[in-house]
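Structure first, then comments.
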Amino acid sequence: LAAPDVEEKICALKASSPRVKGVRWIFEHEEGTAPLQACEATRPLIHYLYGDHYDHFQRIEKGMRTLKKHGLSLDLVCAPSQLPLAAKLLKWHSGVPICIEYLGTFQTLLGDKINMQNEKTSSEKINIWRQGMHAVSEVPHAYTKLSMLDNSTSKWVANPEKEEILRDMVYETVDRFGPNRCMIGLAYHPNQLITDLDGLNMSEPSLPSILSKLSAWFEIYPKSERQKLFYKTAKKFYGI
């Protein structure tokens with residue numbers, strides 16, 4: 001989005017297929033840590049969600065205007081600590097529908113098992129995530145995708161304690177954004193190990209098991225709201 005020829009690139013992308021409805025930009029990077037290898041190689045501008053936001057937003061202004069001009073949306077992947085600044089980005093560009101991916105992308109939240117030693121760390125991580133998601137939810141045109149739950153902790157499908165924590169975070173998000181701005185994304189890759197904690201866990205959760213868990217969680221909502229969560233909100237956001 002900050003490339004000098006961003007308009008030409010986006011025009012070419014949209015012209016490539018009528019199925020193109022938006023773009024995704026991965027900002028995900030915790031300050032003070034080394035960027036992911038893929039980010040370092042292909043997204044050298046991920047640091048744009050730190051520091052002086054005005055300067056950063058100015059540098060992607062043309063790209064955001066181009067998205068708006070062509071009726072395209074933006075899927076944004078960023079770390080929980082980046083969410084408050086992401087909320088400012090959303091406010092800055094009210095004409096572009098923006099979806100925060102992966103439920104705010106909290107990673108390795110609980111470690112391999114729950115115990116008293118990591119309880120404080122987990123609580124701190126959840127509070128950072130909660131503050132960020134609250135800031136994003138205050139923006140009327142902000143959406144979020146309930147996906148890659150496995151990204152937070154390994155083996156949650158088989159661990160009732162971990163499942164309860166994740167489920168409650170999902171409930172909190174749906175209550176905060178509303179079903180009109182939440183959509184389920186399976187993010188189910190051909191390689192099942194990627195689906196569960198980016199390959200760090202060897203449990204290989206099955207697609208039916210993930211769908212079964214989600215279906216059970218959302219039984220508390222009326223049918224009309226479940227339909228929004230599973231497909232209607234996505235249809236609206238992506239214009240399909």
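In the structure tokens, the first chain shown is A, the next is B, and so on; residue numbers restart at 1 for each chain, and ligands run from 1 in the order shown.
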Selection: 7 Å around stretch 233-240 of chain A, only C-alpha atoms, excl. self and same-chain fewer than 5 positions, as a list in words: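 Near stretch 233-240 of chain A, the qualifying residues are Lys21, Asn180, Arg181, Cys182, Met183 and Lys228 of chain A.
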Give me, as a PyMOL selection string, all polymer residues having an atom no more than 9 Å from A:Ala2, counting only C-alpha atoms and skipping those fewer than 4 positions away in the same chain. chain A and resi 6+45+59-63
Separation of atom CA of A:Pro179 and atom CA of A:Ala142, in Å?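 These atoms are spaced 12.2 Å apart.
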Atom CA of A:Glu124 sits from atom CA of A:Ile184 at a separation of 25.7 Å
When you look at stretch 167-177 of chain A with a cut-off of 8 Å (counting only C-alpha atoms), what residues show up, excluding the ones that are within fewer than 4 positions of it in the same chain? I need them as a PyMOL selection string. chain A and resi 103+133-134+137+143-144+146+163+181-182+217
Next, the residues of the selection above should be written as a compact mmCIF listing (two decimals), in the first residue's frame with N, CA and C atoms.
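Writing done, so here's selection.txt:
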# COMPACT_ATOMS: atom_id res chain seq x y z
N LEU A 103 -9.06 -12.88 14.97
CA LEU A 103 -9.49 -12.50 16.32
C LEU A 103 -8.46 -11.64 17.04
N MET A 133 -8.79 -4.80 21.10
CA MET A 133 -10.04 -5.14 20.43
C MET A 133 -11.14 -4.16 20.80
N HIS A 134 -11.12 -3.66 22.02
CA HIS A 134 -12.10 -2.64 22.41
C HIS A 134 -11.92 -1.39 21.56
N SER A 137 -13.25 -2.09 18.07
CA SER A 137 -14.71 -2.26 18.02
C SER A 137 -15.45 -0.93 18.06
N TYR A 143 -14.56 -4.61 11.20
CA TYR A 143 -15.05 -5.99 11.35
C TYR A 143 -13.93 -6.83 11.95
N THR A 144 -14.26 -8.04 12.36
CA THR A 144 -13.22 -8.97 12.79
C THR A 144 -13.57 -10.37 12.33
N LEU A 146 -13.28 -14.38 13.08
CA LEU A 146 -13.08 -15.38 14.13
C LEU A 146 -12.40 -16.59 13.49
N GLU A 163 -10.01 -24.66 25.88
CA GLU A 163 -11.19 -24.39 25.05
C GLU A 163 -12.11 -23.38 25.71
N ARG A 181 -20.79 -7.67 12.54
CA ARG A 181 -19.41 -7.31 12.20
C ARG A 181 -18.42 -8.42 12.55
N CYS A 182 -18.93 -9.62 12.75
CA CYS A 182 -18.07 -10.77 13.02
C CYS A 182 -18.33 -11.85 11.98
N TRP A 217 -20.40 -23.91 20.24
CA TRP A 217 -20.25 -22.61 20.90
C TRP A 217 -21.39 -21.67 20.56
Taking only stretch 65-184 of chain A into account, list the residues labelled strand (DSSP E or B) by DSSP (computed from the backbone), as a list in words.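 Answer for stretch 65-184 of chain A restricted to strand (DSSP E or B) is Ser73, Leu74, Asp75, Leu76, Val77, Ile98, Cys99, Ile100, Ala142, Tyr143, Thr144, Lys145, Leu146, Cys182, Met183 and Ile184 of chain A.
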Grab the atom CA of A:Leu229 to atom CA of A:Ile98 distance for me, in Å with one decimal place. 16.5 Å
Smallest atom-to-atom distance to A:Cys99: which of A:Lys145, A:Arg19, A:Lys9, A:Lys155, using only C-alpha atoms?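 Counting only C-alpha atoms, the residue closest to A:Cys99 is A:Lys145.
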Of the residues A:Leu186, A:Leu13, A:Ile220, A:Val136, which is the one nearest to A:Asp150, using only C-alpha atoms?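 Using only C-alpha atoms, the shortest distance to A:Asp150 belongs to A:Leu186.
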I want to know what sits within 8 Å of A:Ala135, based on only C-alpha atoms, with residues of the same chain fewer than 4 positions away left out; could you give that as a ChimeraX atom specification? /A:83-84,87,131,139
Using only all heavy atoms, please write the residues we just selected to a file, as an mmCIF file, in the first residue's frame.
data_model
loop_
_atom_site.group_PDB
_atom_site.id
_atom_site.type_symbol
_atom_site.label_atom_id
_atom_site.label_comp_id
_atom_site.auth_asym_id
_atom_site.auth_seq_id
_atom_site.Cartn_x
_atom_site.Cartn_y
_atom_site.Cartn_z
ATOM 1 N N LEU A 83 -3.061 -3.204 17.927
ATOM 2 C CA LEU A 83 -4.483 -2.940 17.665
ATOM 3 C C LEU A 83 -4.920 -1.496 17.955
ATOM 4 O O LEU A 83 -5.705 -0.937 17.188
ATOM 5 C CB LEU A 83 -5.352 -3.923 18.457
ATOM 6 C CG LEU A 83 -5.327 -5.366 17.947
ATOM 7 C CD1 LEU A 83 -6.054 -6.289 18.928
ATOM 8 C CD2 LEU A 83 -5.972 -5.462 16.573
ATOM 9 N N PRO A 84 -4.459 -0.856 19.039
ATOM 10 C CA PRO A 84 -4.873 0.536 19.260
ATOM 11 C C PRO A 84 -4.498 1.454 18.105
ATOM 12 O O PRO A 84 -5.273 2.333 17.710
ATOM 13 C CB PRO A 84 -4.143 0.923 20.555
ATOM 14 C CG PRO A 84 -3.989 -0.367 21.292
ATOM 15 C CD PRO A 84 -3.696 -1.373 20.208
ATOM 16 N N ALA A 87 -6.700 0.825 15.186
ATOM 17 C CA ALA A 87 -7.982 1.512 15.327
ATOM 18 C C ALA A 87 -7.894 2.940 14.799
ATOM 19 O O ALA A 87 -8.828 3.443 14.162
ATOM 20 C CB ALA A 87 -8.415 1.512 16.798
ATOM 21 N N GLN A 131 -7.850 -4.683 25.396
ATOM 22 C CA GLN A 131 -7.797 -3.240 25.196
ATOM 23 C C GLN A 131 -7.744 -2.893 23.706
ATOM 24 O O GLN A 131 -8.404 -1.956 23.247
ATOM 25 C CB GLN A 131 -6.578 -2.657 25.917
ATOM 26 C CG GLN A 131 -6.659 -2.739 27.438
ATOM 27 C CD GLN A 131 -5.350 -2.403 28.123
ATOM 28 O OE1 GLN A 131 -4.398 -1.945 27.474
ATOM 29 N NE2 GLN A 131 -5.264 -2.642 29.420
ATOM 30 N N VAL A 139 -14.835 1.536 16.265
ATOM 31 C CA VAL A 139 -14.881 2.081 14.899
ATOM 32 C C VAL A 139 -16.027 1.404 14.152
ATOM 33 O O VAL A 139 -16.013 0.186 13.965
ATOM 34 C CB VAL A 139 -13.551 1.837 14.168
ATOM 35 C CG1 VAL A 139 -13.587 2.467 12.782
ATOM 36 C CG2 VAL A 139 -12.388 2.388 14.991
#
